[in-house]
$ cat start.csv   # CSV, C-alpha atoms and all ligand atoms
chain,number,residue,atom,x,y,z
A,170,MET,CA,13.6,-21.4,9.4
A,171,PRO,CA,13.6,-19.7,6.0
A,172,THR,CA,16.6,-17.7,4.9
A,173,TYR,CA,16.0,-14.0,4.3
A,174,ARG,CA,18.5,-13.4,1.6
A,175,LYS,CA,18.9,-15.4,-1.7
A,176,TRP,CA,21.0,-15.1,-4.8
A,177,TYR,CA,20.7,-15.7,-8.4
A,178,TYR,CA,23.4,-16.2,-10.9
A,179,PRO,CA,22.9,-14.3,-14.1
A,180,TYR,CA,24.7,-15.2,-17.3
A,181,SER,CA,27.8,-13.2,-17.9
A,182,SER,CA,29.5,-13.0,-21.3
A,183,PRO,CA,33.2,-13.0,-21.8
A,184,PHE,CA,32.6,-9.8,-23.8
A,185,ASP,CA,30.9,-7.9,-20.9
A,186,PRO,CA,32.5,-4.5,-20.3
A,187,CYS,CA,32.6,-4.8,-16.5
A,188,PRO,CA,33.9,-7.7,-14.3
A,189,PRO,CA,30.9,-9.9,-13.5
A,190,LEU,CA,29.3,-9.8,-10.1
A,191,THR,CA,28.6,-13.5,-10.6
A,192,ARG,CA,25.9,-13.7,-7.9
A,193,VAL,CA,23.2,-11.2,-7.3
A,194,PRO,CA,21.4,-10.9,-3.9
A,195,TYR,CA,17.8,-10.3,-3.2
A,196,GLU,CA,15.9,-10.1,0.1
A,197,THR,CA,13.1,-12.4,1.1
A,198,PRO,CA,12.1,-11.1,4.5
A,199,VAL,CA,10.0,-12.7,7.2
A,200,GLN,CA,6.6,-11.4,6.1
A,201,LEU,CA,6.8,-13.7,3.0
A,202,TYR,CA,6.7,-16.7,5.3
A,203,LEU,CA,4.9,-16.0,8.5
A,204,GLY,CA,1.3,-16.1,7.4
A,205,PHE,CA,-1.3,-14.7,9.8
A,206,GLN,CA,0.7,-14.0,12.9
A,207,PRO,CA,-0.1,-16.7,15.5
A,208,PRO,CA,-1.0,-15.5,19.0
A,209,GLY,CA,1.5,-15.7,21.9
A,210,MET,CA,4.7,-15.1,19.9
A,211,LYS,CA,7.8,-14.3,22.0
A,212,GLN,CA,8.2,-10.5,22.7
A,213,PHE,CA,11.1,-8.1,23.1
A,214,SER,CA,11.2,-6.0,26.2
A,215,PRO,CA,9.6,-2.6,25.6
A,216,LEU,CA,13.0,-0.9,25.3
A,217,GLN,CA,14.4,-3.5,22.9
A,218,ALA,CA,11.1,-3.3,20.9
A,219,LEU,CA,11.5,0.4,20.4
A,220,SER,CA,15.0,0.1,19.1
A,221,HIS,CA,14.3,-2.9,16.9
A,222,GLY,CA,11.1,-1.4,15.3
A,223,THR,CA,9.0,-4.4,16.2
A,224,LEU,CA,7.7,-6.0,19.4
A,225,TRP,CA,8.4,-9.5,18.1
A,226,PRO,CA,11.8,-11.2,17.5
A,227,GLY,CA,9.9,-13.3,15.0
A,228,LEU,CA,9.2,-10.2,12.9
A,229,TYR,CA,12.7,-8.8,13.1
A,230,THR,CA,14.6,-9.1,9.9
A,231,PRO,CA,17.5,-6.7,9.9
A,232,TYR,CA,19.3,-5.7,6.7
A,233,THR,CA,23.0,-5.6,5.9
A,234,ASP,CA,24.7,-4.2,2.8
A,235,PRO,CA,25.4,-7.3,0.8
A,236,TYR,CA,28.2,-5.6,-1.2
A,237,ASN,CA,29.9,-4.4,1.9
A,238,PRO,CA,29.5,-7.0,4.6
A,239,LYS,CA,31.8,-5.2,7.1
A,240,LYS,CA,29.3,-2.4,7.3
A,241,LYS,CA,27.3,-2.5,10.5
A,242,GLU,CA,23.9,-4.1,10.3
A,243,ALA,CA,21.0,-1.7,9.9
B,199,MET,CA,-8.5,14.0,14.5
B,200,TRP,CA,-5.0,13.7,15.6
B,201,TYR,CA,-2.9,14.4,18.6
B,202,TYR,CA,0.7,15.5,18.1
B,203,GLU,CA,3.5,14.3,20.2
B,204,LYS,CA,6.5,16.6,20.1
B,205,LYS,CA,9.1,13.9,19.5
B,206,LEU,CA,10.4,11.7,16.8
B,207,GLN,CA,9.2,8.0,16.6
B,208,TYR,CA,12.9,7.0,16.6
B,209,PRO,CA,15.9,9.2,17.3
B,210,VAL,CA,17.6,10.6,14.2
B,211,ARG,CA,21.3,11.1,14.4
B,212,VAL,CA,23.6,11.9,11.6
B,213,SER,CA,27.4,11.5,12.0
B,214,ALA,CA,28.8,12.8,8.7
B,215,CYS,CA,28.3,16.1,6.9
B,216,ASN,CA,27.3,14.6,3.6
B,217,PRO,CA,24.5,16.6,1.7
B,218,ARG,CA,24.6,14.0,-1.1
B,219,ILE,CA,22.8,11.6,1.2
B,220,ALA,CA,20.1,14.2,1.7
B,221,LYS,CA,19.4,14.1,-2.0
B,222,TYR,CA,19.1,10.3,-1.9
B,223,LEU,CA,16.8,10.6,1.2
B,224,MET,CA,14.4,12.8,-0.8
B,225,GLU,CA,13.2,9.7,-2.6
B,226,GLN,CA,11.5,8.7,0.7
B,227,TYR,CA,10.3,12.3,1.2
B,228,GLY,CA,8.6,13.1,-2.0
B,229,GLY,CA,9.1,10.0,-4.2
B,230,ALA,CA,6.5,7.7,-5.6
B,231,ASP,CA,7.2,5.0,-3.0
B,232,GLY,CA,8.0,7.5,-0.2
B,233,GLU,CA,6.4,8.2,3.2
B,234,LEU,CA,4.2,11.0,1.9
B,235,ALA,CA,2.7,8.8,-0.8
B,236,ALA,CA,2.2,6.0,1.8
B,237,ALA,CA,0.4,8.3,4.3
B,238,LEU,CA,-1.9,9.8,1.7
B,239,ARG,CA,-2.6,6.5,0.1
B,240,TYR,CA,-3.8,4.7,3.2
B,241,LEU,CA,-5.6,7.6,4.9
B,242,ASN,CA,-7.6,8.1,1.7
B,243,GLN,CA,-8.3,4.4,0.9
B,244,ARG,CA,-9.6,3.8,4.5
B,245,TYR,CA,-13.1,5.1,3.8
B,246,THR,CA,-13.9,2.5,1.3
B,247,ILE,CA,-12.3,-0.6,2.8
B,248,PRO,CA,-14.2,-3.2,4.9
B,249,ASP,CA,-14.6,-2.0,8.5
B,250,ARG,CA,-12.5,-4.9,9.9
B,251,VAL,CA,-9.4,-3.4,8.4
B,252,MET,CA,-10.3,0.3,8.3
B,253,GLY,CA,-8.5,0.9,11.6
B,254,LEU,CA,-5.3,-0.7,10.2
B,255,LEU,CA,-5.2,1.7,7.3
B,256,ASN,CA,-5.8,4.5,9.8
B,257,ASP,CA,-3.0,3.5,12.1
B,258,ILE,CA,-0.4,2.7,9.4
B,259,GLY,CA,-1.3,5.9,7.5
B,260,THR,CA,-0.8,7.9,10.7
B,261,GLU,CA,2.5,6.2,11.4
B,262,GLU,CA,3.8,7.1,7.9
B,263,PHE,CA,3.6,10.7,8.8
B,264,ALA,CA,5.9,10.0,11.8
B,265,HIS,CA,8.3,8.4,9.3
B,266,LEU,CA,8.0,11.4,7.0
B,267,GLU,CA,9.0,13.6,9.9
B,268,MET,CA,12.1,11.4,10.5
B,269,ILE,CA,13.1,11.7,6.9
B,270,ALA,CA,12.5,15.5,7.0
B,271,THR,CA,14.8,15.7,10.1
B,272,MET,CA,17.5,13.8,8.3
B,273,VAL,CA,17.3,16.0,5.2
B,274,TYR,CA,17.3,19.1,7.3
B,275,LYS,CA,20.3,18.1,9.4
B,276,LEU,CA,22.3,17.2,6.3
B,277,THR,CA,21.5,20.5,4.4
B,278,LYS,CA,21.1,23.2,7.0
B,279,ASP,CA,24.8,24.0,7.4
B,280,ALA,CA,25.8,23.3,3.8
B,281,THR,CA,27.1,26.2,1.7
B,282,PRO,CA,25.6,26.8,-1.7
B,283,ASP,CA,28.8,25.3,-3.2
B,284,GLN,CA,28.5,22.1,-1.1
B,285,LEU,CA,24.9,21.8,-2.2
B,286,LYS,CA,25.9,22.2,-5.8
B,287,GLU,CA,28.6,19.5,-5.4
B,288,ALA,CA,25.9,17.2,-3.9
B,289,GLY,CA,23.7,17.6,-6.9
B,290,LEU,CA,21.3,19.9,-5.0
B,291,GLY,CA,22.1,23.1,-7.1
B,292,PRO,CA,18.8,23.1,-8.9
B,293,HIS,CA,17.0,22.4,-5.6
B,294,TYR,CA,18.8,25.4,-4.0
B,295,VAL,CA,17.9,27.7,-6.8
B,296,ASN,CA,14.3,26.8,-6.7
B,297,HIS,CA,13.7,26.2,-2.9
B,298,GLY,CA,16.7,27.6,-1.1
B,299,LYS,CA,17.4,25.5,2.0
B,300,SER,CA,13.8,24.6,2.5
B,301,LEU,CA,12.5,21.1,2.1
B,302,TYR,CA,10.3,20.2,-0.8
B,303,PHE,CA,8.3,17.2,-1.8
B,304,GLU,CA,10.4,15.8,-4.6
B,305,ASN,CA,12.2,12.6,-5.4
B,306,ALA,CA,16.0,12.0,-5.5
B,307,ALA,CA,16.0,13.0,-9.1
B,308,GLY,CA,14.3,16.3,-8.3
B,309,GLU,CA,10.9,15.5,-9.7
B,310,SER,CA,8.0,17.1,-7.8
B,311,PHE,CA,5.6,14.8,-5.9
B,312,THR,CA,2.4,14.1,-7.7
B,313,VAL,CA,-0.7,12.4,-6.3
B,314,ALA,CA,-0.9,10.5,-9.6
B,315,HIS,CA,1.7,8.2,-8.0
B,316,ILE,CA,-0.9,6.7,-5.8
B,317,GLN,CA,-4.1,4.9,-6.5
B,318,SER,CA,-7.4,4.3,-4.8
B,319,LYS,CA,-9.4,1.7,-6.6
B,320,GLY,CA,-12.3,1.2,-4.3
B,321,ASP,CA,-11.8,-2.5,-4.6
B,322,PRO,CA,-10.5,-3.8,-1.2
B,323,ILE,CA,-8.3,-6.5,-2.7
B,324,ALA,CA,-6.8,-4.2,-5.3
B,325,ASP,CA,-6.1,-1.6,-2.8
B,326,LEU,CA,-4.5,-3.9,-0.2
B,327,TYR,CA,-2.3,-5.5,-2.8
B,328,GLU,CA,-1.2,-2.0,-3.8
B,329,ASP,CA,-0.4,-1.3,-0.2
B,330,ILE,CA,1.6,-4.5,0.2
B,331,ALA,CA,3.6,-3.6,-3.0
B,332,ALA,CA,4.1,0.0,-1.6
B,333,GLU,CA,5.6,-1.4,1.6
B,334,GLU,CA,7.9,-3.7,-0.3
B,335,LYS,CA,9.0,-0.8,-2.6
B,336,ALA,CA,9.7,1.4,0.4
B,337,ARG,CA,11.6,-1.4,2.0
B,338,SER,CA,13.8,-1.7,-1.0
B,339,THR,CA,14.3,2.0,-1.2
B,340,TYR,CA,15.7,1.9,2.3
B,341,GLN,CA,18.0,-1.0,1.4
B,342,TRP,CA,19.4,0.9,-1.6
B,343,ILE,CA,19.9,4.0,0.5
B,344,ILE,CA,21.7,2.0,3.2
B,345,ASN,CA,23.9,0.5,0.4
B,346,VAL,CA,25.1,3.9,-0.7
B,347,SER,CA,25.4,5.4,2.8
B,348,ASP,CA,28.5,5.1,5.0
B,349,ASP,CA,26.9,6.8,7.9
B,350,PRO,CA,26.4,4.2,10.7
B,351,MET,CA,24.1,6.4,12.8
B,352,LEU,CA,22.0,7.4,9.9
B,353,ASN,CA,21.8,3.7,8.7
B,354,ASP,CA,20.7,2.8,12.2
B,355,ALA,CA,17.6,5.0,11.8
B,356,LEU,CA,17.1,3.8,8.2
B,357,GLY,CA,17.2,0.2,9.5
B,358,PHE,CA,14.4,1.0,11.9
B,359,LEU,CA,12.3,2.5,9.2
B,360,ARG,CA,12.9,-0.5,6.9
B,361,GLU,CA,11.8,-2.8,9.7
B,362,ARG,CA,8.6,-0.8,10.0
B,363,GLU,CA,7.9,-1.5,6.3
B,364,VAL,CA,8.4,-5.2,7.0
B,365,VAL,CA,5.8,-5.0,9.8
B,366,HIS,CA,3.4,-3.0,7.7
B,367,SER,CA,3.6,-5.4,4.8
B,368,GLN,CA,2.9,-8.2,7.3
B,369,ARG,CA,-0.2,-6.4,8.6
B,370,PHE,CA,-1.5,-5.7,5.1
B,371,ARG,CA,-1.1,-9.4,4.2
B,372,GLU,CA,-3.0,-10.3,7.3
B,373,ALA,CA,-5.7,-7.7,6.3
B,374,VAL,CA,-6.1,-9.7,3.0
B,375,ASP,CA,-6.5,-12.9,5.0
B,376,LEU,CA,-9.1,-11.2,7.2
B,377,ILE,CA,-11.3,-9.9,4.4
B,378,LYS,CA,-11.1,-13.0,2.2
B,379,GLU,CA,-12.1,-15.3,5.1
B,380,GLU,CA,-15.3,-17.3,4.5
B,381,GLN,CA,-18.1,-16.4,6.8
B,382,GLY,CA,-18.9,-18.9,9.5
B,383,LYS,CA,-15.9,-21.1,8.8
B,384,LYS,CA,-13.5,-22.1,11.5
B,385,LYS,CA,-10.3,-20.1,11.7
B,386,VAL,CA,-7.2,-22.2,11.3
B,387,PHE,CA,-3.8,-20.6,12.2
C,401,FE,FE,5.1,1.8,5.8
$ encode --input "start.csv" --output "structure tokens"
Amino acid sequence: MPTYRKWYYPYSSPFDPCPPLTRVPYETPVQLYLGFQPPGMKQFSPLQALSHGTLWPGLYTPYTDPYNPKKKEA
Amino acid sequence: MWYYEKKLQYPVRVSACNPRIAKYLMEQYGGADGELAAALRYLNQRYTIPDRVMGLLNDIGTEEFAHLEMIATMVYKLTKDATPDQLKEAGLGPHYVNHGKSLYFENAAGESFTVAHIQSKGDPIADLYEDIAAEEKARSTYQWIINVSDDPMLNDALGFLREREVVHSQRFREAVDLIKEEQGKKKVF
């Protein structure tokens, strides 16, 4: 299973004006890895599908605010 | 032709009176990577794309209008009861002076929508790669709006819209696979 969020670590100078973030997140959602969708993938119930925005759990990659992890997942 | 269903694709609920978020949401209303740009781009490109994927552009282009309507609803809910002073505070003073409380196709910085934002190249690969990029850009716009919004109900609907961008990107990627396929070769999944 791939991970859908990665980080990079930019150089920070001791003379930078703001405290460094140290690690910077970026999203790598499922469509980068799935390839042509194979037939027969597991499905959500119709009601769940409507609220998730996709019929397939395998295509569901929700987002969370990486700077504010306590915020509810969107 | 189209049939109209008098309901939103996903319920839009807004919990906090925060017109500033309306200003941010306008990026998805009349911005270069917004829903209007997406709808117009796909519904225009569809005529000159191989017929195997024409229906996909038609379907996704149509859905983008449903997304545009959701964004419009959010912006309207967040601005309809705001006083001119509150709008001014939210950075929407110039918008109010020019457009009153009405919606307008402009981005978060107040720049009017222009069709020069979108391309139709007539080259199927060029067009589909633009479409994939458009979906990824819209996905990131939703992420950045979620990051600056504290409204859990609004973020729930934005999360839905972001997930649709993921699915659209997936489908455009599959469209590329379909049209680059070598004739008569066995399909391997
Ligand atoms: Fe989309």
$ closest_residue --input "start.csv" --among "B:His297, B:Lys278, B:Arg239, B:Arg360" --to "chain A" --atoms "all atoms listed in the file"
B:Arg360
$ closest_residue --input "start.csv" --among "A:Pro189, A:Pro171, A:Pro183, A:Pro207" --to "chain B" --atoms "only C-alpha atoms"
A:Pro207
$ closest_atom_pairs --input "start.csv" --of "chain B" --to "ligand FE 401 (chain C)" --cutoff "6 Å" --atoms "only C-alpha atoms and all ligand atoms" --output "CSV"
residue,atom,partner,partner_atom,distance
B:Glu262,CA,C:FE401,FE,5.8
B:Glu333,CA,C:FE401,FE,5.3
B:Glu363,CA,C:FE401,FE,4.4
B:His366,CA,C:FE401,FE,5.4
$ residues_around --input "start.csv" --residues "B:Pro292" --least-positions-apart "3" --cutoff "12 Å" --atoms "only C-alpha atoms" --output "VMD selection string"
chain B and resid 221 282 to 283 285 to 289 295 to 299 304 306 to 309
$ residues_around --input "start.csv" --residues "stretch 208-220 of chain A" --least-positions-apart "2" --cutoff "9 Å" --atoms "only C-alpha atoms" --output "PyMOL selection string"
(chain A and resi 206+222-227) or (chain B and resi 207-208+358+387)
$ atom_distance --input "start.csv" --atom1 "atom CA of B:Lys383" --atom2 "atom CA of B:Lys319"
28.3 Å
$ closest_atom_pairs --input "start.csv" --of "chain B" --to "chain A" --cutoff "12 Å" --atoms "all atoms listed in the file" --output "Markdown table"
| residue | atom | partner | partner_atom | distance |
| --- | --- | --- | --- | --- |
| B:Leu206 | CA | A:Leu219 | CA | 11.9 |
| B:Gln207 | CA | A:Leu219 | CA | 8.8 |
| B:Tyr208 | CA | A:Ser220 | CA | 7.6 |
| B:Pro209 | CA | A:Ser220 | CA | 9.3 |
| B:Val210 | CA | A:Ser220 | CA | 11.9 |
| B:His265 | CA | A:Gly222 | CA | 11.8 |
| B:Ile330 | CA | A:Gln200 | CA | 10.4 |
| B:Glu333 | CA | A:Gln200 | CA | 11.0 |
| B:Glu334 | CA | A:Pro198 | CA | 9.8 |
| B:Lys335 | CA | A:Glu196 | CA | 11.9 |
| B:Arg337 | CA | A:Glu196 | CA | 9.9 |
| B:Ser338 | CA | A:Glu196 | CA | 8.7 |
| B:Tyr340 | CA | A:Tyr232 | CA | 9.5 |
| B:Gln341 | CA | A:Tyr232 | CA | 7.2 |
| B:Trp342 | CA | A:Asp234 | CA | 8.6 |
| B:Ile343 | CA | A:Asp234 | CA | 9.8 |
| B:Ile344 | CA | A:Asp234 | CA | 6.9 |
| B:Asn345 | CA | A:Asp234 | CA | 5.3 |
| B:Val346 | CA | A:Asp234 | CA | 8.8 |
| B:Ser347 | CA | A:Asp234 | CA | 9.6 |
| B:Asp348 | CA | A:Lys240 | CA | 7.9 |
| B:Asp349 | CA | A:Lys240 | CA | 9.5 |
| B:Pro350 | CA | A:Lys241 | CA | 6.8 |
| B:Met351 | CA | A:Ala243 | CA | 9.1 |
| B:Leu352 | CA | A:Ala243 | CA | 9.2 |
| B:Asn353 | CA | A:Ala243 | CA | 5.6 |
| B:Asp354 | CA | A:Ala243 | CA | 5.1 |
| B:Ala355 | CA | A:Ala243 | CA | 7.7 |
| B:Leu356 | CA | A:Ala243 | CA | 7.0 |
| B:Gly357 | CA | A:Ala243 | CA | 4.3 |
| B:Phe358 | CA | A:Gly222 | CA | 5.3 |
| B:Leu359 | CA | A:Gly222 | CA | 7.3 |
| B:Arg360 | CA | A:Tyr232 | CA | 8.2 |
| B:Glu361 | CA | A:Gly222 | CA | 5.8 |
| B:Arg362 | CA | A:Gly222 | CA | 5.9 |
| B:Glu363 | CA | A:Gly222 | CA | 9.6 |
| B:Val364 | CA | A:Gln200 | CA | 6.5 |
| B:Val365 | CA | A:Leu228 | CA | 6.9 |
| B:His366 | CA | A:Gln200 | CA | 9.1 |
| B:Ser367 | CA | A:Gln200 | CA | 6.8 |
| B:Gln368 | CA | A:Gln200 | CA | 5.0 |
| B:Arg369 | CA | A:Phe205 | CA | 8.5 |
| B:Phe370 | CA | A:Gln200 | CA | 10.0 |
| B:Arg371 | CA | A:Phe205 | CA | 7.7 |
| B:Glu372 | CA | A:Phe205 | CA | 5.3 |
| B:Ala373 | CA | A:Phe205 | CA | 9.0 |
| B:Val374 | CA | A:Phe205 | CA | 9.7 |
| B:Asp375 | CA | A:Phe205 | CA | 7.3 |
| B:Leu376 | CA | A:Phe205 | CA | 8.9 |
| B:Glu379 | CA | A:Phe205 | CA | 11.8 |
| B:Lys385 | CA | A:Phe205 | CA | 10.7 |
| B:Val386 | CA | A:Phe205 | CA | 9.7 |
| B:Phe387 | CA | A:Pro207 | CA | 6.3 |
$ atom_distance --input "start.csv" --atom1 "atom CA of B:Thr339" --atom2 "atom CA of B:Thr281"
27.5 Å
$ closest_residue --input "start.csv" --among "B:Val251, B:Leu326, B:Met272, B:Ile316" --to "B:Cys215" --atoms "only C-alpha atoms"
B:Met272
$ atom_distance --input "start.csv" --atom1 "atom CA of A:Lys239" --atom2 "atom CA of B:Tyr227"
28.3 Å
$ residues_near_point --input "start.csv" --point "(3.1, 15.0, -6.8)" --cutoff "10 Å" --atoms "all atoms listed in the file" --output "MDAnalysis selection string"
chainID B and resid 228:230 234:235 303:305 309:316
$ axis_aligned_box --input "start.csv" --around "stretch 179-182 of chain A" --padding-each-side "4 Å" --output "AutoDock Vina command-line options"
--center_x 26.2 --center_y -14.1 --center_z -17.7 --size_x 14.6 --size_y 10.2 --size_z 15.2
$ closest_residue --input "start.csv" --among "B:Thr246, B:Asn256, B:Asn216, B:Ser318" --to "B:Asp279" --atoms "only C-alpha atoms"
B:Asn216
$ decode --input "start.csv" --residues "stretch 265-283 of chain B" --atoms "N, CA and C atoms" --output "JSON list (two decimals), in the first residue's frame"
[["chain", "number", "residue", "atom", "x", "y", "z"],
["B", 265, "HIS", "N", -20.65, 20.93, -9.45],
["B", 265, "HIS", "CA", -19.71, 21.42, -8.43],
["B", 265, "HIS", "C", -19.76, 22.94, -8.35],
["B", 266, "LEU", "N", -19.85, 23.57, -9.53],
["B", 266, "LEU", "CA", -19.93, 25.04, -9.58],
["B", 266, "LEU", "C", -21.12, 25.52, -8.76],
["B", 267, "GLU", "N", -22.21, 24.76, -8.87],
["B", 267, "GLU", "CA", -23.43, 25.11, -8.16],
["B", 267, "GLU", "C", -23.24, 24.97, -6.65],
["B", 268, "MET", "N", -22.48, 23.96, -6.24],
["B", 268, "MET", "CA", -22.19, 23.81, -4.80],
["B", 268, "MET", "C", -21.36, 24.99, -4.29],
["B", 269, "ILE", "N", -20.35, 25.37, -5.05],
["B", 269, "ILE", "CA", -19.51, 26.50, -4.65],
["B", 269, "ILE", "C", -20.36, 27.77, -4.58],
["B", 270, "ALA", "N", -21.22, 27.96, -5.59],
["B", 270, "ALA", "CA", -22.08, 29.14, -5.61],
["B", 270, "ALA", "C", -22.94, 29.18, -4.35],
["B", 271, "THR", "N", -23.47, 28.03, -3.96],
["B", 271, "THR", "CA", -24.30, 27.95, -2.77],
["B", 271, "THR", "C", -23.52, 28.35, -1.52],
["B", 272, "MET", "N", -22.27, 27.87, -1.44],
["B", 272, "MET", "CA", -21.43, 28.21, -0.29],
["B", 272, "MET", "C", -21.18, 29.71, -0.23],
["B", 273, "VAL", "N", -20.80, 30.29, -1.38],
["B", 273, "VAL", "CA", -20.49, 31.72, -1.42],
["B", 273, "VAL", "C", -21.73, 32.52, -1.05],
["B", 274, "TYR", "N", -22.86, 32.13, -1.61],
["B", 274, "TYR", "CA", -24.10, 32.84, -1.34],
["B", 274, "TYR", "C", -24.46, 32.79, 0.15],
["B", 275, "LYS", "N", -24.39, 31.57, 0.73],
["B", 275, "LYS", "CA", -24.72, 31.44, 2.15],
["B", 275, "LYS", "C", -23.81, 32.30, 3.02],
["B", 276, "LEU", "N", -22.55, 32.41, 2.63],
["B", 276, "LEU", "CA", -21.58, 33.14, 3.45],
["B", 276, "LEU", "C", -21.65, 34.64, 3.28],
["B", 277, "THR", "N", -22.33, 35.11, 2.22],
["B", 277, "THR", "CA", -22.35, 36.56, 1.98],
["B", 277, "THR", "C", -23.75, 37.19, 2.09],
["B", 278, "LYS", "N", -24.81, 36.38, 1.98],
["B", 278, "LYS", "CA", -26.14, 36.98, 1.83],
["B", 278, "LYS", "C", -26.56, 37.79, 3.04],
["B", 279, "ASP", "N", -26.10, 37.44, 4.24],
["B", 279, "ASP", "CA", -26.52, 38.16, 5.43],
["B", 279, "ASP", "C", -25.44, 39.09, 5.97],
["B", 280, "ALA", "N", -24.36, 39.22, 5.23],
["B", 280, "ALA", "CA", -23.27, 40.08, 5.69],
["B", 280, "ALA", "C", -23.60, 41.55, 5.43],
["B", 281, "THR", "N", -23.22, 42.40, 6.37],
["B", 281, "THR", "CA", -23.39, 43.84, 6.15],
["B", 281, "THR", "C", -22.25, 44.34, 5.26],
["B", 282, "PRO", "N", -22.43, 45.48, 4.62],
["B", 282, "PRO", "CA", -21.32, 46.04, 3.83],
["B", 282, "PRO", "C", -20.03, 46.12, 4.63],
["B", 283, "ASP", "N", -20.15, 46.46, 5.91],
["B", 283, "ASP", "CA", -18.95, 46.54, 6.74],
["B", 283, "ASP", "C", -18.26, 45.19, 6.91]]
